[in-house]
There are 2 protein chains.
Amino acid sequence: MDMLWNGWGDPAKAAPLPESVTGLLRDLLGVTPCTAPALALEDIDLPAPTAGPGALEALARAAGGAEHVRTDTESRIRHTRGKSTPDLLRLRAGDVADVPQAVVLPATHDEVLAVLRACAAHGLAAVPFGGGTSVVGGLAPERSAFVALDLRRMNRLQAVDPISRTAVLQPGLRAPEAEALLAEHGFTLGHFPQSFEWATIGGFAAARSSGQASAGYGRFDDMVLGLTLATPEGTVETGRAPRSAAGPDLRQLILGSEGAFGVITSVLVRVRPLPATRVYEGWRFASFAEGTEALRRLAQDGPRPTVLRLSDETETLIGLAQPDAIGAGPENGAGCMAITGYEGTAEETALRREQAAAVLTECGGTLAGTGPGERWAHGRYSAPYLRDALLDVGAFAETLETAAFWSRVPELYDAVRTALTDTLTGAGTPPLVMCHISHVYENGASLYFTVVSAQGADPVAHWAPAKHAANDAVLAAGGTITHHHGVGTDHRDWYVREAGPLGIEALLAVKRRLDPDGLLNPGVLLPTD
Amino acid sequence: MDMLWNGWGDPAKAAPLPESVTGLLRDLLGVTPCTAPALALEDIDLPAPTAGPGALEALARAAGGAEHVRTDTESRIRHTRGKSTPDLLRLRAGDVADVPQAVVLPATHDEVLAVLRACAAHGLAAVPFGGGTSVVGGLAPERSAFVALDLRRMNRLQAVDPISRTAVLQPGLRAPEAEALLAEHGFTLGHFPQSFEWATIGGFAAARSSGQASAGYGRFDDMVLGLTLATPEGTVETGRAPRSAAGPDLRQLILGSEGAFGVITSVLVRVRPLPATRVYEGWRFASFAEGTEALRRLAQDGPRPTVLRLSDETETLIGLAQPDAIGAGPENGAGCMAITGYEGTAEETALRREQAAAVLTECGGTLAGTGPGERWAHGRYSAPYLRDALLDVGAFAETLETAAFWSRVPELYDAVRTALTDTLTGAGTPPLVMCHISHVYENGASLYFTVVSAQGADPVAHWAPAKHAANDAVLAAGGTITHHHGVGTDHRDWYVREAGPLGIEALLAVKRRLDPDGLLNPGVLLPTD
């Protein structure tokens, strides 16, 4: 099934907002209903491809047949940009400036190499496309003549090694497909980001995804033991051992490269036994500061829950901590809600849960039972649907995220909230800014912000300065420009500041060697020359 | 204190071999006493430096004074090569072909930058020098005109962040100095490689060191959260957050770069509370295969001891599993000895030890009490002294190591043992080959081999084909060419095969950008043009 072309996910799962929420939007944020009629996909007028028949024939030969090169309007629109709120708003407004010339669907590593050669020969750029879920402009290159290199035909589980607990996955596997194939062998990856239902293995690796169970299963880049990369200059293969002292870690050069160095064509991952038990529960803290200290304590001294999240006061009040309770208002209770989850054998999870409960209690937490945990788990992938519903009623909603060392977290939290609130208020669309911690480490944590406001006259134009101010605030307060969404084109200028001129030059040297014609995702991650 | 110039460590700690061992060497391996008289440092005839006064003056200006540029014979010899067995044998034979022109001792990051500029201006290569403990030719560049860039003056703890549990260490700090400074704040790094007493923080990072407590504290590259790199083209700074999705991980490009990309001038590390309890004990298994399965079980399903090692049958018999019992022969018992260690709070270690004991028992292990554990802990840094004693009595002794995924470990073990045994036996010096697992991961483990034989007429020449055959066997059996010793010049040709031509080209592109004149460790890690 294809995703909704101008929104998120399965159209059948779309749900209208509860009346409590629309009332809140109206009263608190001044949201007024959209008046413009919705555009249908058929209404969009697409410029004809400039790629000539010679180029399309070369791509067809490379991808094993003309049926694997699509130039129809629907295919091209479905590969236009990603799923950030500006992406959706621009598409809804009929803006298809970033449309690919064609969609190419190679089925093997060698076909990917051939497609890249064909692109080079015909002056086309190539944008690797997995689930199309980028929210950072990762699919909008700085060149108009490009093809979307859709990896959906590379969707096999290629090998399982139950002794080493490893598996080889193809990049076009969507996460639920990968989990189903691994489950046949009794294994799981344990990678459950909010994009789980749509995003792919290759995309997780290319963008350093991090899932909601990262406290227990690690980030996706922790799971990757080896990668195969197809580049215009040939193949890079990595991963002979879990860890090595044989030079710089080439895996870590490919992870996070966002298609700018090559196309990831297979991923060797660690897998874990399917857990027999999964239990999630809620804990209430008096304040975000108190809850943050409790999370830090668990992250540093253990025991480590599998899922560990904490919503700030605003997010708790609104109910985003447990999406099935959104808009319940004061009934969601005062203070901050944390969600803890435990996955594993029955015995192991029971012990860990008991030990963690003792720590959380000592840190001031009050057990709120499994109800909030179950509501969180039930709604764990529903926030993007909620965003569609918000956009439909005239509200603006977007998210952004960062991470820092623990000692910088309070300052970073304040700085980003202030930047967002001040800028949007100044633009006449005062926002509601909510935040949660959803990824913890011994030495720091992520902060994930959700912003809701009225759309105003031009929501994309209203948002740009706020996002700009938030990015500046992130760097000034010592955070990283992105903890798990990636760089894309949206974060690139701040990424250049974060990595520093010589760090960027080192990466550009790699890019020039692997992609001398600059055809891979030009302008994504790294600046073009 | 300086290390023994032609051997390991503190001369006062040298100990003669027990009679049981010399008897074994004679009877089993045909070792005959050395007859050549030992060479004194003063006897060595050193070629005068070719670097002229202009170059030395420029270096002195860069390093803040003429007293920080040393050209005396002793300083130069003490910075000649590292501590591999061929290194020691060649030095003992008076071969100083790899001697530096001078030893330069900058005290700050800016002085390091200035020294690199001075080197570039005067056509000198630069070899960063920490503890001088490389065993892979990491200090022997492929250029005769070079200076040793000794970092011993950069030996401060620059910052401690107790909230984030991080610290900033300078690269020239020896591990015991770093531990002592951190202990004043209640923290430890937990990094205890065999070279602990001499090796430095910068060297650990540059060569991806792994310590004996890696099961609990992780490898050194797990501990590094940020790095500052001084290059001929300027500075690279990394590490704003514990983890990030902001592009490829530049830290992982610097870690393992062995001085070929730049000089590491500061390291941001994670630290942990000093453990209240440290307990080590022995477990006996019927075979290496049975013990390996037990280690895999703990590595994959937990609980994870802080130290986890397993000697094979030969190493157990000889007593290397517990160096204080070396040469006790059959008294060391049949089968294989494992050492498990637990560090942490009293309560936590007691629980973990109890749970691990249940698993080890279930896997066929028999508790051998704390005696073997205490003997292991007492002798944990003594193997290099033992090697000196072996060399002194006419024996040859060297080590090598690798790692692989669990399913490949048995084949890798057999392949390397066979390669070493066959080659050395064919050369007329049949060896004793011992092995242990000392680093475990969810998905694989390291193998560390110790080889002892007679020296024969020319021990360096005898060893070279055996090492060559072992390296070939490592790659053929799916292992990595080095798990924690590094690449240097000794492993470089096999590293090039492991990383593949395009992987090496990507790294060379980085090197050319950061070090356009190729002055940094030429030929170390990467081939010269």
# chains A, B, ... in the order shown; residues from 1 in each chain; ligands from 1
call {"tool": "select_by_dssp", "arguments": {"residues": "stretch 354-519 of chain B", "states": "alpha helix (DSSP H)", "output": "PyMOL selection string"}}
result
chain B and resi 354-362+370-378+383-392+409-426+459-476+492-499+501-514
call {"tool": "residues_around", "arguments": {"residues": "B:Gly132", "least_positions_apart": "5", "cutoff": "9 Å", "atoms": "only C-alpha atoms", "output": "list in words"}}
result
Arg78, His79, Thr80, Arg81, Gly82, Lys83, Gly138, Leu139, Trp198, Ala199, Thr200 and Gly203 of chain B
call {"tool": "closest_residue", "arguments": {"among": "B:Val267, B:Leu39, B:Val524, B:Leu386", "to": "chain A", "atoms": "only C-alpha atoms"}}
result
B:Val524
call {"tool": "atom_distance", "arguments": {"atom1": "atom CA of A:Thr429", "atom2": "atom CA of A:Glu398"}}
result
13.5 Å
call {"tool": "residues_around", "arguments": {"residues": "stretch 317-334 of chain A", "least_positions_apart": "6", "cutoff": "8 Å", "atoms": "only C-alpha atoms", "output": "list of chain:residue names"}}
result
A:Pro18, A:Ser20, A:Val21, A:Leu24, A:Ala286, A:Leu310, A:Ser311, A:Pro372, A:Gly373, A:Arg375, A:Trp376, A:Ala377, A:His378, A:Gly379, A:Arg380, A:Ser382, A:Ala383
call {"tool": "closest_residue", "arguments": {"among": "B:Leu253, B:Val104, B:Ile437, B:Leu420", "to": "B:His468", "atoms": "only C-alpha atoms"}}
result
B:Leu420
call {"tool": "closest_residue", "arguments": {"among": "B:Ser446, B:Thr133, B:Ser84, B:Thr265", "to": "B:Tyr413", "atoms": "only C-alpha atoms"}}
result
B:Ser446
call {"tool": "select_by_dssp", "arguments": {"residues": "stretch 251-414 of chain B", "states": "strand (DSSP E)", "output": "ChimeraX atom specification"}}
result
/B:263-270,272-273,277-285,307-311,336-344,366-369,395-405
call {"tool": "write_last_selection", "arguments": {"atoms": "C-alpha atoms", "output": "PDB file, in the first residue's frame"}}
result
ATOM      1  CA  VAL B 263      47.342  14.733  16.356  1.00  0.00           C
ATOM      2  CA  ILE B 264      44.662  14.178  18.995  1.00  0.00           C
ATOM      3  CA  THR B 265      45.085  17.033  21.460  1.00  0.00           C
ATOM      4  CA  SER B 266      42.156  16.455  23.795  1.00  0.00           C
ATOM      5  CA  VAL B 267      39.684  13.706  24.503  1.00  0.00           C
ATOM      6  CA  LEU B 268      36.235  14.068  26.049  1.00  0.00           C
ATOM      7  CA  VAL B 269      35.497  10.794  27.789  1.00  0.00           C
ATOM      8  CA  ARG B 270      32.671   9.293  29.753  1.00  0.00           C
ATOM      9  CA  ARG B 272      31.973   6.185  35.898  1.00  0.00           C
ATOM     10  CA  PRO B 273      31.881   6.195  39.682  1.00  0.00           C
ATOM     11  CA  THR B 277      33.796  -3.575  45.142  1.00  0.00           C
ATOM     12  CA  ARG B 278      36.130  -5.508  42.861  1.00  0.00           C
ATOM     13  CA  VAL B 279      36.031  -9.287  42.892  1.00  0.00           C
ATOM     14  CA  TYR B 280      37.604 -11.748  40.423  1.00  0.00           C
ATOM     15  CA  GLU B 281      37.193 -15.494  40.342  1.00  0.00           C
ATOM     16  CA  GLY B 282      38.047 -18.537  38.273  1.00  0.00           C
ATOM     17  CA  TRP B 283      35.754 -20.975  36.482  1.00  0.00           C
ATOM     18  CA  ARG B 284      36.864 -24.229  34.941  1.00  0.00           C
ATOM     19  CA  PHE B 285      35.428 -25.661  31.735  1.00  0.00           C
ATOM     20  CA  VAL B 307      35.884  -8.865  33.239  1.00  0.00           C
ATOM     21  CA  LEU B 308      35.290 -11.993  31.174  1.00  0.00           C
ATOM     22  CA  ARG B 309      38.153 -14.078  29.792  1.00  0.00           C
ATOM     23  CA  LEU B 310      38.757 -17.671  28.802  1.00  0.00           C
ATOM     24  CA  SER B 311      42.106 -19.373  28.208  1.00  0.00           C
ATOM     25  CA  CYS B 336      40.185 -24.354  30.399  1.00  0.00           C
ATOM     26  CA  MET B 337      40.234 -21.566  32.936  1.00  0.00           C
ATOM     27  CA  ALA B 338      37.899 -18.612  32.684  1.00  0.00           C
ATOM     28  CA  ILE B 339      38.258 -15.465  34.779  1.00  0.00           C
ATOM     29  CA  THR B 340      35.155 -13.475  35.693  1.00  0.00           C
ATOM     30  CA  GLY B 341      35.305 -10.131  37.452  1.00  0.00           C
ATOM     31  CA  TYR B 342      32.658  -7.872  38.941  1.00  0.00           C
ATOM     32  CA  GLU B 343      33.106  -4.185  39.751  1.00  0.00           C
ATOM     33  CA  GLY B 344      30.482  -1.846  41.135  1.00  0.00           C
ATOM     34  CA  THR B 366      32.840 -25.304  37.866  1.00  0.00           C
ATOM     35  CA  LEU B 367      33.726 -22.496  40.242  1.00  0.00           C
ATOM     36  CA  ALA B 368      37.442 -22.493  41.023  1.00  0.00           C
ATOM     37  CA  GLY B 369      37.168 -19.798  43.681  1.00  0.00           C
ATOM     38  CA  ALA B 395      63.199 -17.843  23.616  1.00  0.00           C
ATOM     39  CA  PHE B 396      61.004 -15.987  21.143  1.00  0.00           C
ATOM     40  CA  ALA B 397      57.611 -14.731  22.344  1.00  0.00           C
ATOM     41  CA  GLU B 398      55.039 -12.620  20.522  1.00  0.00           C
ATOM     42  CA  THR B 399      51.286 -12.055  20.503  1.00  0.00           C
ATOM     43  CA  LEU B 400      48.647 -11.285  17.898  1.00  0.00           C
ATOM     44  CA  GLU B 401      44.922 -10.828  18.035  1.00  0.00           C
ATOM     45  CA  THR B 402      41.742 -10.701  15.975  1.00  0.00           C
ATOM     46  CA  ALA B 403      37.957 -10.767  16.350  1.00  0.00           C
ATOM     47  CA  ALA B 404      35.014 -12.231  14.465  1.00  0.00           C
ATOM     48  CA  PHE B 405      31.340 -12.957  14.756  1.00  0.00           C
TER      49      PHE B 405
END
call {"tool": "interface_residues", "arguments": {"of": "chain B", "to": "chain A", "cutoff": "6 Å", "atoms": "only C-alpha atoms", "output": "ChimeraX atom specification"}}
result
/B:163-164,208,236,240-242,244-249,252-253,255-257,403-407,443-444,480,482-484,486-487,502-503,506,509-510
call {"tool": "residues_around", "arguments": {"residues": "B:Glu184", "least_positions_apart": "2", "cutoff": "12 Å", "atoms": "only C-alpha atoms", "output": "MDAnalysis selection string"}}
result
chainID B and resid 157 160 162 177:182 186:188 273:274
call {"tool": "closest_residue", "arguments": {"among": "A:Ala213, A:Ala58, A:Ala51, A:Ala469", "to": "A:Thr306", "atoms": "only C-alpha atoms"}}
result
A:Ala213
call {"tool": "atom_distance", "arguments": {"atom1": "atom CA of B:Trp463", "atom2": "atom CA of B:Val31"}}
result
15.2 Å
call {"tool": "atom_distance", "arguments": {"atom1": "atom CA of A:Val112", "atom2": "atom CA of A:Arg152"}}
result
12.2 Å
